[in-house]
file model-v9.csv (CSV, C-alpha atoms)
chain,number,residue,atom,x,y,z
A,5,MET,CA,59.3,3.7,19.1
A,6,ASP,CA,59.3,7.2,20.5
A,7,ARG,CA,56.3,9.2,21.5
A,8,GLN,CA,56.5,11.6,18.5
A,9,VAL,CA,56.3,8.7,16.0
A,10,LEU,CA,53.4,7.1,17.9
A,11,LYS,CA,51.6,10.5,17.9
A,12,LYS,CA,52.0,10.9,14.2
A,13,ILE,CA,50.7,7.4,13.6
A,14,GLY,CA,47.7,8.1,15.8
A,15,ILE,CA,47.0,11.4,14.0
A,16,PHE,CA,47.2,9.6,10.7
A,17,LEU,CA,44.8,6.8,11.8
A,18,LEU,CA,42.4,9.4,13.1
A,19,ALA,CA,42.5,11.3,9.9
A,20,VAL,CA,41.8,8.1,7.9
A,21,ILE,CA,38.9,7.2,10.1
A,22,PHE,CA,37.5,10.7,9.9
A,23,LEU,CA,37.8,10.7,6.1
A,24,CYS,CA,36.0,7.3,5.9
A,25,ILE,CA,33.2,8.7,8.0
A,26,VAL,CA,32.9,11.8,5.9
A,27,VAL,CA,32.8,9.7,2.7
A,28,PHE,CA,30.2,7.4,4.2
A,29,ILE,CA,27.9,10.2,5.2
A,30,PHE,CA,28.3,12.1,2.0
A,31,SER,CA,27.7,9.1,-0.3
A,32,ASN,CA,24.6,8.1,1.6
A,33,TYR,CA,23.3,11.6,1.5
A,34,ARG,CA,23.9,11.9,-2.2
A,35,VAL,CA,22.2,8.6,-3.0
A,36,LEU,CA,19.2,9.3,-0.8
A,37,SER,CA,18.7,12.9,-1.7
A,38,THR,CA,18.8,12.5,-5.4
A,39,SER,CA,16.5,9.5,-5.6
A,40,ARG,CA,13.9,10.2,-2.9
A,41,LYS,CA,11.5,12.1,-5.1
A,42,TYR,CA,11.2,9.3,-7.6
A,43,ILE,CA,10.1,6.6,-5.1
A,44,TYR,CA,6.5,5.7,-4.5
A,45,GLN,CA,4.9,3.6,-1.8
A,46,ASN,CA,2.1,2.1,-4.0
A,47,VAL,CA,1.5,1.2,-7.6
A,48,TYR,CA,-1.3,3.6,-8.0
A,49,ASP,CA,0.8,6.7,-7.8
A,50,VAL,CA,3.9,5.7,-9.7
A,51,PRO,CA,4.1,7.0,-13.3
A,52,PRO,CA,3.9,4.5,-16.2
A,53,ALA,CA,7.0,3.2,-17.8
A,54,GLN,CA,8.1,0.6,-20.4
A,55,THR,CA,8.9,-2.2,-17.9
A,56,ALA,CA,8.9,-3.3,-14.3
A,57,LEU,CA,12.5,-4.3,-13.3
A,58,VAL,CA,12.2,-6.9,-10.6
A,59,LEU,CA,15.5,-7.2,-8.8
A,60,GLY,CA,16.4,-10.8,-7.7
A,61,ALA,CA,16.5,-12.1,-4.2
A,62,GLY,CA,16.6,-15.5,-2.5
A,63,VAL,CA,15.0,-18.6,-3.9
A,64,LYS,CA,14.3,-21.6,-1.7
A,65,SER,CA,15.8,-25.1,-2.3
A,66,ASN,CA,12.4,-26.3,-3.6
A,67,GLY,CA,12.3,-23.5,-6.2
A,68,GLN,CA,9.8,-21.3,-4.4
A,69,LEU,CA,10.4,-17.6,-4.0
A,70,SER,CA,11.6,-16.2,-0.7
A,71,ASP,CA,9.2,-13.8,1.0
A,72,ILE,CA,11.1,-10.8,-0.2
A,73,LEU,CA,11.2,-12.0,-3.8
A,74,ARG,CA,7.6,-13.1,-3.8
A,75,ASP,CA,6.5,-9.6,-2.7
A,76,ARG,CA,8.5,-8.1,-5.5
A,77,ALA,CA,7.0,-10.4,-8.0
A,78,ASP,CA,3.5,-9.7,-6.7
A,79,THR,CA,4.1,-6.0,-7.0
A,80,ALA,CA,5.3,-6.4,-10.6
A,81,ILE,CA,2.2,-8.4,-11.4
A,82,GLN,CA,0.0,-5.6,-10.0
A,83,LEU,CA,1.9,-3.0,-12.1
A,84,TYR,CA,1.3,-5.1,-15.2
A,85,ARG,CA,-2.4,-5.7,-14.5
A,86,ASP,CA,-2.9,-2.0,-13.8
A,87,LYS,CA,-1.2,-1.2,-17.1
A,88,LYS,CA,1.6,0.8,-15.5
A,89,VAL,CA,4.0,-1.3,-17.5
A,90,ALA,CA,3.8,-3.4,-20.7
A,91,LYS,CA,6.7,-5.7,-19.9
A,92,ILE,CA,8.3,-7.4,-16.9
A,93,LEU,CA,12.1,-7.7,-16.8
A,94,ALA,CA,13.2,-10.2,-14.1
A,95,THR,CA,16.9,-9.9,-13.3
A,96,GLY,CA,18.9,-12.0,-10.8
A,97,ASP,CA,21.7,-14.4,-10.1
A,98,ASN,CA,22.1,-17.5,-12.2
A,99,SER,CA,25.8,-18.1,-11.3
A,100,THR,CA,25.4,-21.9,-11.0
A,101,ILE,CA,23.3,-24.5,-12.7
A,102,HIS,CA,21.7,-25.3,-9.3
A,103,TYR,CA,20.5,-21.7,-8.5
A,104,ASN,CA,18.4,-19.6,-10.8
A,105,GLU,CA,16.4,-16.6,-9.5
A,106,THR,CA,15.2,-15.5,-12.9
A,107,LYS,CA,13.7,-18.8,-13.9
A,108,ALA,CA,11.9,-19.1,-10.6
A,109,MET,CA,10.4,-15.7,-11.2
A,110,GLU,CA,9.4,-16.6,-14.7
A,111,SER,CA,7.5,-19.7,-13.4
A,112,TYR,CA,5.8,-17.5,-10.8
A,113,PHE,CA,4.7,-15.0,-13.4
A,114,LEU,CA,3.4,-17.6,-15.8
A,115,MET,CA,1.5,-19.2,-12.9
A,116,HIS,CA,-0.2,-15.8,-12.4
A,117,ASP,CA,-1.2,-15.6,-16.1
A,118,ILE,CA,1.4,-13.1,-17.3
A,119,PRO,CA,1.9,-13.8,-21.0
A,120,SER,CA,5.3,-15.2,-21.8
A,121,LYS,CA,5.8,-12.7,-24.6
A,122,ASP,CA,5.8,-9.9,-22.0
A,123,ILE,CA,8.4,-11.6,-19.6
A,124,PHE,CA,12.0,-10.9,-20.2
A,125,LEU,CA,14.8,-12.6,-18.2
A,126,ASP,CA,18.2,-11.3,-17.4
A,127,TYR,CA,20.4,-14.1,-16.2
A,128,ALA,CA,23.4,-11.9,-15.6
A,129,GLY,CA,22.0,-9.4,-13.1
A,130,PHE,CA,24.5,-10.3,-10.5
A,131,ASP,CA,24.0,-7.1,-8.5
A,132,THR,CA,21.9,-4.0,-8.6
A,133,TYR,CA,24.3,-2.0,-10.6
A,134,ASP,CA,24.7,-4.7,-13.3
A,135,SER,CA,20.9,-5.1,-13.5
A,136,LEU,CA,20.3,-1.4,-14.1
A,137,TYR,CA,23.2,-1.0,-16.6
A,138,ARG,CA,22.1,-4.1,-18.5
A,139,ALA,CA,18.5,-2.9,-18.6
A,140,ARG,CA,19.7,0.1,-20.5
A,141,ASP,CA,22.3,-1.4,-22.7
A,142,VAL,CA,21.1,-5.0,-23.3
A,143,PHE,CA,17.3,-4.6,-23.0
A,144,GLN,CA,17.4,-1.0,-24.3
A,145,ALA,CA,15.0,0.3,-21.7
A,146,GLN,CA,14.5,4.0,-21.6
A,147,SER,CA,12.1,4.1,-18.7
A,148,LEU,CA,11.4,1.6,-16.0
A,149,ILE,CA,9.9,1.0,-12.6
A,150,VAL,CA,12.3,-0.7,-10.2
A,151,VAL,CA,10.5,-3.1,-7.9
A,152,THR,CA,12.2,-3.9,-4.6
A,153,GLN,CA,11.8,-3.2,-0.9
A,154,ASN,CA,12.2,0.3,0.6
A,155,PHE,CA,15.7,-0.3,2.1
A,156,HIS,CA,16.9,-1.0,-1.4
A,157,LEU,CA,15.0,1.4,-3.6
A,158,ASN,CA,17.1,4.5,-3.3
A,159,ARG,CA,20.3,2.9,-4.6
A,160,ALA,CA,18.5,1.2,-7.5
A,161,VAL,CA,16.8,4.5,-8.6
A,162,TYR,CA,20.1,6.4,-8.1
A,163,TYR,CA,21.9,4.0,-10.4
A,164,GLY,CA,19.3,4.2,-13.1
A,165,ARG,CA,18.9,7.9,-13.0
A,166,SER,CA,22.7,8.4,-13.0
A,167,ILE,CA,23.2,6.4,-16.2
A,168,GLY,CA,20.5,8.3,-18.1
A,169,MET,CA,17.2,6.4,-17.8
A,170,GLU,CA,13.8,7.6,-16.6
A,171,VAL,CA,13.6,5.5,-13.5
A,172,TYR,CA,11.0,5.3,-10.7
A,173,GLY,CA,10.9,3.0,-7.7
A,174,VAL,CA,7.9,1.4,-6.1
A,175,SER,CA,7.9,-0.3,-2.7
A,176,ALA,CA,7.3,-4.0,-2.6
A,177,ASP,CA,7.1,-4.0,1.2
A,178,LYS,CA,4.1,-6.1,2.2
A,179,GLU,CA,5.3,-7.3,5.7
A,180,THR,CA,8.1,-6.9,8.2
A,181,TYR,CA,11.0,-9.1,7.0
A,182,ARG,CA,13.2,-11.2,9.1
A,183,GLY,CA,16.7,-9.7,9.4
A,184,ILE,CA,15.6,-6.3,8.1
A,185,LEU,CA,18.0,-4.5,10.4
A,186,TRP,CA,21.0,-6.3,8.9
A,187,PHE,CA,19.7,-5.5,5.4
A,188,LYS,CA,19.5,-1.8,6.2
A,189,ILE,CA,23.0,-1.8,7.7
A,190,ARG,CA,24.4,-3.6,4.7
A,191,GLU,CA,22.6,-1.2,2.3
A,192,SER,CA,24.1,1.8,3.9
A,193,LEU,CA,27.5,0.4,3.0
A,194,ALA,CA,26.3,-0.5,-0.5
A,195,ARG,CA,25.3,3.1,-1.1
A,196,MET,CA,28.9,4.1,-0.6
A,197,LYS,CA,30.0,1.6,-3.1
A,198,GLY,CA,27.2,2.7,-5.4
A,199,PHE,CA,28.4,6.3,-5.2
A,200,PHE,CA,31.9,5.2,-6.4
A,201,ASP,CA,30.4,2.9,-9.1
A,202,ILE,CA,28.8,5.9,-10.7
A,203,LEU,CA,31.7,8.3,-10.0
A,204,PHE,CA,34.2,6.0,-11.8
A,205,HIS,CA,31.8,4.7,-14.5
A,206,ALA,CA,32.0,1.1,-13.5
A,207,LYS,CA,31.1,-1.6,-16.1
A,208,PRO,CA,28.9,-4.6,-15.5
A,209,LYS,CA,30.5,-8.1,-15.4
A,210,PHE,CA,28.7,-9.0,-18.6
A,211,LEU,CA,27.0,-7.3,-21.5
A,212,GLY,CA,25.8,-9.0,-24.6
A,213,THR,CA,23.6,-9.0,-27.7
A,214,PRO,CA,20.8,-6.4,-27.5
A,215,ILE,CA,17.4,-7.8,-26.6
A,216,PRO,CA,14.9,-4.9,-27.1
A,217,LEU,CA,11.9,-4.9,-24.8
A,218,SER,CA,9.8,-4.0,-27.8
A,219,GLY,CA,10.2,-7.6,-28.9
A,220,ASP,CA,8.8,-10.9,-27.7
A,221,GLY,CA,10.2,-12.1,-24.4
A,222,GLN,CA,9.5,-15.7,-25.3
A,223,HIS,CA,12.0,-15.6,-28.1
A,224,ALA,CA,14.6,-13.6,-26.3
A,225,ILE,CA,18.0,-15.3,-26.0
A,226,ILE,CA,20.8,-13.8,-24.0
A,227,THR,CA,24.3,-14.1,-25.4
A,228,SER,CA,26.6,-12.7,-22.7
A,229,THR,CA,30.0,-11.4,-23.6
A,230,THR,CA,32.5,-9.6,-21.5
A,231,PRO,CA,32.3,-5.8,-21.9

call {"tool": "encode", "arguments": {"input": "model-v9.csv", "output": "structure tokens"}}
result
Amino acid sequence: MDRQVLKKIGIFLLAVIFLCIVVFIFSNYRVLSTSRKYIYQNVYDVPPAQTALVLGAGVKSNGQLSDILRDRADTAIQLYRDKKVAKILATGDNSTIHYNETKAMESYFLMHDIPSKDIFLDYAGFDTYDSLYRARDVFQAQSLIVVTQNFHLNRAVYYGRSIGMEVYGVSADKETYRGILWFKIRESLARMKGFFDILFHAKPKFLGTPIPLSGDGQHAIITSTTP
């Protein structure tokens, strides 16, 4: 292979790398800049909304919530007790019969005296985008407070605002989490994906029969169908 061909290949590769860097920087800037003003560090300052949307995270083998998820659940409980929200919508992964983030959260909420009628469960919130999309289309939320850690809040609020909901975010950070650096690195890449999800109007994996938050969570039954 002659030098001219190698030079063209090198220039092409450099152009691709440069383009990827530009897209990465722009998408992160877009997500962060458009969501920042809707994020609050404590429950006292966040505006009231219909529901707290608690995004799923790890559950231990014994059914207990991981530290990250417990802090999210505790923050949602505080929002409910302070009358910032009237409902709690727990969303997470229930992809196998042996792993269920939403039921674990429900048990935790009930143990802390949250009435079952005010707890709604989304078993198909497989990722952040699906959770926000389904909150709007399945649970018919018009306003909500996303409850998650700081590293995750911007993207969640960006999703919700971009699809037309009145969305605020409140930090659930109550400690320094193990592996937080990795979470932040992964999130910077997820923001780039999130930018394209909104740009190309991506659909969630499942939708289903509407379950209005104005109803009774105890009697809510999700019937998931492909969109």

call {"tool": "residues_around", "arguments": {"input": "model-v9.csv", "residues": "Ala80 in chain A", "least_positions_apart": "5", "cutoff": "7 Å", "atoms": "all atoms listed in the file", "output": "PyMOL selection string"}}
result
chain A and resi 56+58+151

call {"tool": "write_last_selection", "arguments": {"input": "model-v9.csv", "atoms": "C-alpha atoms", "output": "PDB file, in the frame of the given file"}}
result
ATOM      1  CA  ALA A  56       8.900  -3.300 -14.300  1.00  0.00           C
ATOM      2  CA  VAL A  58      12.200  -6.900 -10.600  1.00  0.00           C
ATOM      3  CA  VAL A 151      10.500  -3.100  -7.900  1.00  0.00           C
TER       4      VAL A 151
END

call {"tool": "closest_residue", "arguments": {"input": "model-v9.csv", "among": "A:Arg40, A:His205, A:Arg165, A:Lys91", "to": "Ser120 in chain A", "atoms": "all atoms listed in the file"}}
result
A:Lys91

call {"tool": "atom_distance", "arguments": {"input": "model-v9.csv", "atom1": "CA of Ala176 in chain A", "atom2": "CA of Leu217 in chain A"}}
result
22.7 Å

call {"tool": "atom_distance", "arguments": {"input": "model-v9.csv", "atom1": "CA of Ser147 in chain A", "atom2": "CA of Leu193 in chain A"}}
result
26.9 Å

call {"tool": "atom_distance", "arguments": {"input": "model-v9.csv", "atom1": "CA of Ala53 in chain A", "atom2": "CA of Ala90 in chain A"}}
result
7.9 Å

call {"tool": "closest_residue", "arguments": {"input": "model-v9.csv", "among": "A:Ile118, A:Leu136, A:Leu23, A:Leu36", "to": "Tyr84 in chain A", "atoms": "all atoms listed in the file"}}
result
A:Ile118

call {"tool": "build_atoms", "arguments": {"input": "model-v9.csv", "residues": "range 127-142 of chain A", "atoms": "N, CA and C atoms", "output": "PDB file, keeping the file's coordinate frame"}}
result
ATOM      1  N   TYR A 127      19.749 -13.121 -17.038  1.00  0.00           N
ATOM      2  CA  TYR A 127      20.400 -14.100 -16.200  1.00  0.00           C
ATOM      3  C   TYR A 127      21.765 -13.602 -15.655  1.00  0.00           C
ATOM      4  N   ALA A 128      22.150 -12.386 -16.028  1.00  0.00           N
ATOM      5  CA  ALA A 128      23.400 -11.900 -15.600  1.00  0.00           C
ATOM      6  C   ALA A 128      23.281 -10.612 -14.712  1.00  0.00           C
ATOM      7  N   GLY A 129      22.150 -10.494 -14.036  1.00  0.00           N
ATOM      8  CA  GLY A 129      22.000  -9.400 -13.100  1.00  0.00           C
ATOM      9  C   GLY A 129      22.509  -9.729 -11.751  1.00  0.00           C
ATOM     10  N   PHE A 130      23.829  -9.839 -11.674  1.00  0.00           N
ATOM     11  CA  PHE A 130      24.500 -10.300 -10.500  1.00  0.00           C
ATOM     12  C   PHE A 130      24.366  -9.371  -9.284  1.00  0.00           C
ATOM     13  N   ASP A 131      24.213  -8.103  -9.572  1.00  0.00           N
ATOM     14  CA  ASP A 131      24.000  -7.100  -8.500  1.00  0.00           C
ATOM     15  C   ASP A 131      23.120  -5.999  -9.042  1.00  0.00           C
ATOM     16  N   THR A 132      22.793  -5.054  -8.181  1.00  0.00           N
ATOM     17  CA  THR A 132      21.900  -4.000  -8.600  1.00  0.00           C
ATOM     18  C   THR A 132      22.419  -3.130  -9.689  1.00  0.00           C
ATOM     19  N   TYR A 133      23.700  -2.798  -9.608  1.00  0.00           N
ATOM     20  CA  TYR A 133      24.300  -2.000 -10.600  1.00  0.00           C
ATOM     21  C   TYR A 133      24.272  -2.653 -12.005  1.00  0.00           C
ATOM     22  N   ASP A 134      24.686  -3.916 -12.032  1.00  0.00           N
ATOM     23  CA  ASP A 134      24.700  -4.700 -13.300  1.00  0.00           C
ATOM     24  C   ASP A 134      23.250  -4.736 -13.865  1.00  0.00           C
ATOM     25  N   SER A 135      22.266  -4.927 -12.998  1.00  0.00           N
ATOM     26  CA  SER A 135      20.900  -5.100 -13.500  1.00  0.00           C
ATOM     27  C   SER A 135      20.394  -3.779 -14.134  1.00  0.00           C
ATOM     28  N   LEU A 136      20.700  -2.623 -13.540  1.00  0.00           N
ATOM     29  CA  LEU A 136      20.300  -1.400 -14.100  1.00  0.00           C
ATOM     30  C   LEU A 136      21.042  -1.057 -15.408  1.00  0.00           C
ATOM     31  N   TYR A 137      22.329  -1.298 -15.389  1.00  0.00           N
ATOM     32  CA  TYR A 137      23.200  -1.000 -16.600  1.00  0.00           C
ATOM     33  C   TYR A 137      22.735  -1.907 -17.733  1.00  0.00           C
ATOM     34  N   ARG A 138      22.486  -3.186 -17.462  1.00  0.00           N
ATOM     35  CA  ARG A 138      22.100  -4.100 -18.500  1.00  0.00           C
ATOM     36  C   ARG A 138      20.656  -3.814 -19.004  1.00  0.00           C
ATOM     37  N   ALA A 139      19.796  -3.332 -18.113  1.00  0.00           N
ATOM     38  CA  ALA A 139      18.500  -2.900 -18.600  1.00  0.00           C
ATOM     39  C   ALA A 139      18.546  -1.865 -19.626  1.00  0.00           C
ATOM     40  N   ARG A 140      19.502  -0.962 -19.468  1.00  0.00           N
ATOM     41  CA  ARG A 140      19.700   0.100 -20.500  1.00  0.00           C
ATOM     42  C   ARG A 140      20.376  -0.400 -21.722  1.00  0.00           C
ATOM     43  N   ASP A 141      21.497  -1.103 -21.569  1.00  0.00           N
ATOM     44  CA  ASP A 141      22.300  -1.400 -22.700  1.00  0.00           C
ATOM     45  C   ASP A 141      21.955  -2.715 -23.430  1.00  0.00           C
ATOM     46  N   VAL A 142      21.490  -3.713 -22.699  1.00  0.00           N
ATOM     47  CA  VAL A 142      21.100  -5.000 -23.300  1.00  0.00           C
ATOM     48  C   VAL A 142      19.629  -4.980 -23.706  1.00  0.00           C
TER      49      VAL A 142
END
